[in-house]
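This report refers to the structure that appears directly beneath it.
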Amino acid sequence: MLSQADSVLNDLHEARYYICHPDCMVECQLCPHYCRIKPGQTGRCLGRLNLGGKLYAASYGQLSSVALDPIEKKPLRRFFPGSTILSVGAYGCNLNCEFCQNWHIALKHVATEYYAPEELVDLAIAEKSNGNIGLAFTYNEPLITFEYVLDTCKLAKAAGLQTVLVTNGMINPDPMKELLPYVDAMNIDLKAFRPLFYHKICRGELEAVKRTIKLSVPVCHVEITTLLIPGLNDEDAEIEAAAKWIASIDRLIPYHLTRHHPAYRMLQPGPIALDRMDHLAAIARHHLSDVGLGNI
Ligand code: SF4
C-alpha cells in the first residue's frame with residue numbers, strides 16, 4: 001500500500017475552478033471563501049493545495065473511512081428506506097463549526113488510503129450482494145473534494161448505482177450545477193437560519209447554503225437537517241422561519257431536527273431536551289409535511 005504522501009504525489013489531480021495570480025498565488029473559486037493560496041499551502045478546507053502556482057485536489061481519492069451504513073444514518077428518510085449504502089469520507093471541511101461533531105476528520109489531516117474512482121465503484125458493485133444501493137460521500141465535507149466526487153459519481157451512475165452527498169452546501173453555483181446531474185440524493189445541513197450564526201460559529205454563509213438548496217431541489221432528492229443547540233439556534237421563531245422558507249420551495253421536503261452532543265470547542269451547552277425538540281417539530285409541522293427527530 002502507498003503512503004499518503006506517495007499516493008498524493010502519484011495521483012495528483014489538478015483542481016477545477018481556480019484562477020492564477022502573480023507570484024504563483026492562486027485563488028480557489030470552488031466555494032464562497034475564495035481562498036488565496038500561496039505555493040506549498042492549502043486552502044482553509046485542507047483539500048486544495050498550491051504546488052508551483054497550480055491548484056491541486058490534494059484529497060482526491062484519499063479516503064479515511066469506508067463503511068456500509070443504513071441509509072437512515074445519512075440521514076435520509078425517504079430515499080430507498082431500509083437499504084444500505086457504501087459510505088466514504090476523506091478529511092477536511094470548508095466550515096469550522098465550533099460544535100463540529102466530526103472534528104477528528106473534518107479539521108485536520110488523518111491517515112487515508114487511496115481509492116481510484118474505478119476501484120471505489122467496483123467495491124460498491126461488489127457490496128450489492130450485501131444490500132448496497134450505491135455510494136454516499138459523507139463523514140467530512142465531500143464538496144471540497146469536488147473533482148473526485150464528480151469523477152466517481154459519473155462512473156457510479158453509469159454502473160447503475162445511486163449516488164448520495166451529505167453536505168454543508170457551501171459551494172459556488174457553477175460547480176454545483178456541474179455536479180448535480182450525477183447526484184441522486186442529498187442531505188444538506190441548514191445549521192441555523194441566521195447569517196450571524198453561520199458567520200460567527202461556523203465561518204460560513206447562510207445565503208450560499210440556501211442557494212445550494214434551491215438549486216438542488218428541482219434536480220435530485222433533497223432532505224434538510226438542522227442540528228439543534230440549546231440557546232444558539234433553537235428559538236421558536238428561528239425554526240419557524242426555517243420551516244417556512246423550506247416550505248416556500250416545497251413543503252414535502254423532509255426536515256430533520258437532530259440533537260447535538262457537546263464536542264470540539266463547544267462543550268456547553270449540553271444536548272437539547274426531548275420535549276423541546278418535540279415542541280420545535282410541532283412548530284415546523286405547521287409548514288412542512290415531513291418533520292422528524294434524530295439523535296434521540
Ligand atoms: S474549497 Fe477550500 S480552498 Fe477552495 S475556496 Fe473553499 S475553503 Fe478555500
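Ordering of the C-alpha cells sets the chain letters (A, B, ...); residue numbers start at 1 within each chain; ligands are numbered from 1 in the order shown.
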Using only C-alpha atoms and all ligand atoms, tabulate the residues of chain A lying at most 8 Å from any atom of ligand 1, each with its closest atom pair and that distance in Å to one decimal, by chain and increasing residue number, as CSV.
```
residue,atom,partner,partner_atom_place_in_ligand_line,distance
A:Glu27,CA,ligand 1,5 (S),7.4
A:Cys28,CA,ligand 1,4 (Fe),4.4
A:Gln29,CA,ligand 1,5 (S),5.4
A:Leu30,CA,ligand 1,1 (S),4.8
A:Cys31,CA,ligand 1,6 (Fe),4.1
A:Pro32,CA,ligand 1,5 (S),6.0
A:His33,CA,ligand 1,5 (S),4.4
A:Tyr34,CA,ligand 1,5 (S),4.0
A:Cys35,CA,ligand 1,8 (Fe),4.1
A:Arg36,CA,ligand 1,8 (Fe),7.5
A:Ile37,CA,ligand 1,3 (S),7.5
A:Thr42,CA,ligand 1,3 (S),6.5
A:Gly43,CA,ligand 1,3 (S),3.6
A:Arg44,CA,ligand 1,7 (S),4.6
A:Cys45,CA,ligand 1,2 (Fe),4.2
A:Leu46,CA,ligand 1,2 (Fe),6.6
A:Gly47,CA,ligand 1,2 (Fe),6.2
A:Arg48,CA,ligand 1,3 (S),5.1
A:Leu49,CA,ligand 1,3 (S),7.6
A:Cys93,CA,ligand 1,7 (S),7.3
A:Asn94,CA,ligand 1,7 (S),4.3
A:Leu95,CA,ligand 1,7 (S),7.5
A:Leu143,CA,ligand 1,1 (S),7.6
A:Ile144,CA,ligand 1,1 (S),4.9
A:Ile171,CA,ligand 1,6 (Fe),7.4
```
Selection near Tyr255 in chain A, 10 Å with only C-alpha atoms, sequence-local residues under 5 positions removed, as a list of chain:residue names: A:Leu76, A:Arg77, A:Asn187, A:Ile188, A:Asp189, A:Leu190, A:Val222, A:Glu223, A:Ile224, A:Thr225, A:Thr226, A:Ala242, A:Ala243, A:Ile246, A:Ala281, A:Ala284, A:Arg285, A:Leu288, A:Ser289, A:Asp290, A:Val291, A:Gly292, A:Leu293
Any chance you could export the current selection's N, CA and C atoms as a compact mmCIF listing (two decimals), in the first residue's frame?
```txt
# COMPACT_ATOMS: atom_id res chain seq x y z
N LEU A 76 -31.16 10.00 5.59
CA LEU A 76 -32.16 10.13 4.52
C LEU A 76 -33.33 9.24 4.90
N ARG A 77 -34.51 9.83 4.98
CA ARG A 77 -35.68 9.11 5.47
C ARG A 77 -36.56 8.60 4.34
N ASN A 187 -28.42 15.08 1.61
CA ASN A 187 -28.87 15.70 2.85
C ASN A 187 -28.02 16.94 3.03
N ILE A 188 -28.68 18.09 3.10
CA ILE A 188 -27.96 19.37 3.22
C ILE A 188 -28.22 19.94 4.61
N ASP A 189 -27.13 20.30 5.28
CA ASP A 189 -27.27 20.94 6.60
C ASP A 189 -27.78 22.37 6.45
N LEU A 190 -28.76 22.70 7.26
CA LEU A 190 -29.14 24.11 7.43
C LEU A 190 -28.85 24.38 8.90
N VAL A 222 -33.84 15.80 -2.04
CA VAL A 222 -33.15 16.59 -1.01
C VAL A 222 -33.87 16.46 0.32
N GLU A 223 -33.09 16.21 1.37
CA GLU A 223 -33.59 16.32 2.74
C GLU A 223 -32.70 17.32 3.46
N ILE A 224 -33.24 17.95 4.49
CA ILE A 224 -32.52 19.04 5.17
C ILE A 224 -32.43 18.73 6.66
N THR A 225 -31.27 19.06 7.24
CA THR A 225 -31.04 18.78 8.67
C THR A 225 -30.61 20.04 9.41
N THR A 226 -31.23 20.28 10.56
CA THR A 226 -30.76 21.30 11.49
C THR A 226 -30.38 20.61 12.79
N ALA A 242 -37.19 28.99 9.37
CA ALA A 242 -36.51 27.99 8.52
C ALA A 242 -37.54 27.10 7.84
N ALA A 243 -38.53 26.63 8.62
CA ALA A 243 -39.55 25.73 8.05
C ALA A 243 -40.37 26.45 6.98
N ILE A 246 -38.25 26.66 3.84
CA ILE A 246 -38.18 25.36 3.15
C ILE A 246 -39.50 25.09 2.42
N ALA A 281 -40.49 20.58 16.59
CA ALA A 281 -41.01 19.79 15.46
C ALA A 281 -42.47 20.16 15.19
N ALA A 284 -42.50 23.33 13.25
CA ALA A 284 -42.10 23.11 11.85
C ALA A 284 -43.23 22.44 11.06
N ARG A 285 -44.00 21.58 11.75
CA ARG A 285 -45.08 20.85 11.05
C ARG A 285 -46.24 21.76 10.65
N LEU A 288 -44.44 22.25 7.14
CA LEU A 288 -43.86 21.13 6.38
C LEU A 288 -44.58 19.83 6.73
N SER A 289 -44.70 18.96 5.73
CA SER A 289 -45.48 17.75 5.98
C SER A 289 -44.64 16.59 6.49
N ASP A 290 -43.31 16.72 6.53
CA ASP A 290 -42.46 15.58 6.88
C ASP A 290 -41.31 16.04 7.78
N VAL A 291 -41.60 16.15 9.07
CA VAL A 291 -40.59 16.60 10.04
C VAL A 291 -40.31 15.47 11.00
N GLY A 292 -39.02 15.15 11.21
CA GLY A 292 -38.68 14.06 12.12
C GLY A 292 -37.53 14.46 13.03
N LEU A 293 -37.39 13.72 14.12
CA LEU A 293 -36.31 13.98 15.08
C LEU A 293 -35.19 12.96 14.89
```
For range 202-206 of chain A: contacts at 9 Å, only C-alpha atoms, fewer than 4 positions along chain excluded, given as a PyMOL selection string: chain A and resi 32-33+94-100+170+190-198+210-211
Exercise: Phe80 in chain A partners within 12 Å, only C-alpha atoms, chain neighbours under 3 positions left out, as a PyMOL selection string: chain A and resi 70-72+74-77+83-85+131-134+162-164+184-185+221
DSSP strand (DSSP E or B) selection over range 22-197 of chain A, as a PyMOL selection string: chain A and resi 26-28+36-37+42+48-51+54-57+62-63+65-70+84-89+113-114+132-137+162-167+185-189
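Minimum atom-to-atom distances from A:Glu238, A:Met176, A:Asp275, A:Lys244 to Ile213 in chain A were compared using only C-alpha atoms, and the lowest value belongs to A:Met176.
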Non-local contacts of range 269-271 of chain A (9 Å; only C-alpha atoms; under 4 positions in same chain excluded) as a list in words: Leu228, Ile229, Pro230, Gly231, Arg259, His260, His261 and Pro262 of chain A
Would you save the residues of that selection, restricted to C-alpha atoms, as a tab-separated table (two decimals), in the first residue's frame?
```
chain	number	residue	atom	x	y	z
A	228	LEU	CA	-30.28	21.87	17.45
A	229	ILE	CA	-28.06	23.58	20.02
A	230	PRO	CA	-29.89	24.99	23.05
A	231	GLY	CA	-29.75	28.77	23.22
A	259	ARG	CA	-29.78	16.62	18.77
A	260	HIS	CA	-26.16	17.73	19.08
A	261	HIS	CA	-23.67	16.29	21.51
A	262	PRO	CA	-21.11	18.64	23.10
```
Near-Gln62 in chain A list (7 Å; only C-alpha atoms; drop same-chain fewer than 4 positions) as an NGL selection string: :A and (90 or 112-115)
Separation of CA of Ser248 in chain A from CA of Ser216 in chain A in Å: 14.3 Å
Top pick for closest residue to Met266 in chain A, considering A:Pro173, A:Trp103, A:Asp151, A:Glu141 and counting only C-alpha atoms: A:Trp103
9 Å contact set for range 50-53 of chain A, only C-alpha atoms, chain neighbours under 5 positions out, as a PyMOL selection string: chain A and resi 20-26+37-43
One-decimal distance in Å that lies between CA of Tyr91 in chain A and CA of Ile105 in chain A: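 It comes out at 5.0 Å.
Nearest residue to Leu135 in chain A among A:Leu165, A:Val183, A:Leu86, A:Ala159 is A:Leu86, counting only C-alpha atoms.
You can rank A:His256, A:Arg276, A:His287, A:Lys157 by their closest distance to Lys73 in chain A using only C-alpha atoms, and at the top of that list sits A:His256.
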Picked from range 6-85 of chain A by DSSP as alpha helix (DSSP H), as a PyMOL selection string: chain A and resi 6-10
Would you export the selected residues with N, CA and C atoms as an mmCIF file, in the first residue's frame, please?
```cif
data_model
loop_
_atom_site.group_PDB
_atom_site.id
_atom_site.type_symbol
_atom_site.label_atom_id
_atom_site.label_comp_id
_atom_site.auth_asym_id
_atom_site.auth_seq_id
_atom_site.Cartn_x
_atom_site.Cartn_y
_atom_site.Cartn_z
ATOM 1 N N ASP A 6 3.077 9.475 -0.716
ATOM 2 C CA ASP A 6 3.396 8.897 -2.026
ATOM 3 C C ASP A 6 2.196 8.947 -2.953
ATOM 4 N N SER A 7 1.055 8.566 -2.414
ATOM 5 C CA SER A 7 -0.109 8.487 -3.297
ATOM 6 C C SER A 7 -0.582 9.869 -3.715
ATOM 7 N N VAL A 8 -0.419 10.881 -2.835
ATOM 8 C CA VAL A 8 -0.775 12.239 -3.261
ATOM 9 C C VAL A 8 0.095 12.644 -4.438
ATOM 10 N N LEU A 9 1.406 12.343 -4.344
ATOM 11 C CA LEU A 9 2.305 12.749 -5.428
ATOM 12 C C LEU A 9 2.041 11.948 -6.699
ATOM 13 N N ASN A 10 1.732 10.654 -6.533
ATOM 14 C CA ASN A 10 1.488 9.815 -7.713
ATOM 15 C C ASN A 10 0.152 10.092 -8.364
#
```
Pick from A:Asp278, A:Val88, A:Arg78, A:Ile19, whichever lies nearest to Leu123 in chain A using only C-alpha atoms: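 Under the stated criterion, the closest residue is A:Val88.
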Counting only C-alpha atoms, the option among A:Thr212, A:Asn295, A:Ser87, A:Thr167 closest to Thr145 in chain A: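 That would be A:Thr167, the residue with the smallest distance to Thr145 in chain A.
Going from CA of Tyr60 in chain A to CA of Asn168 in chain A covers 18.8 Å.
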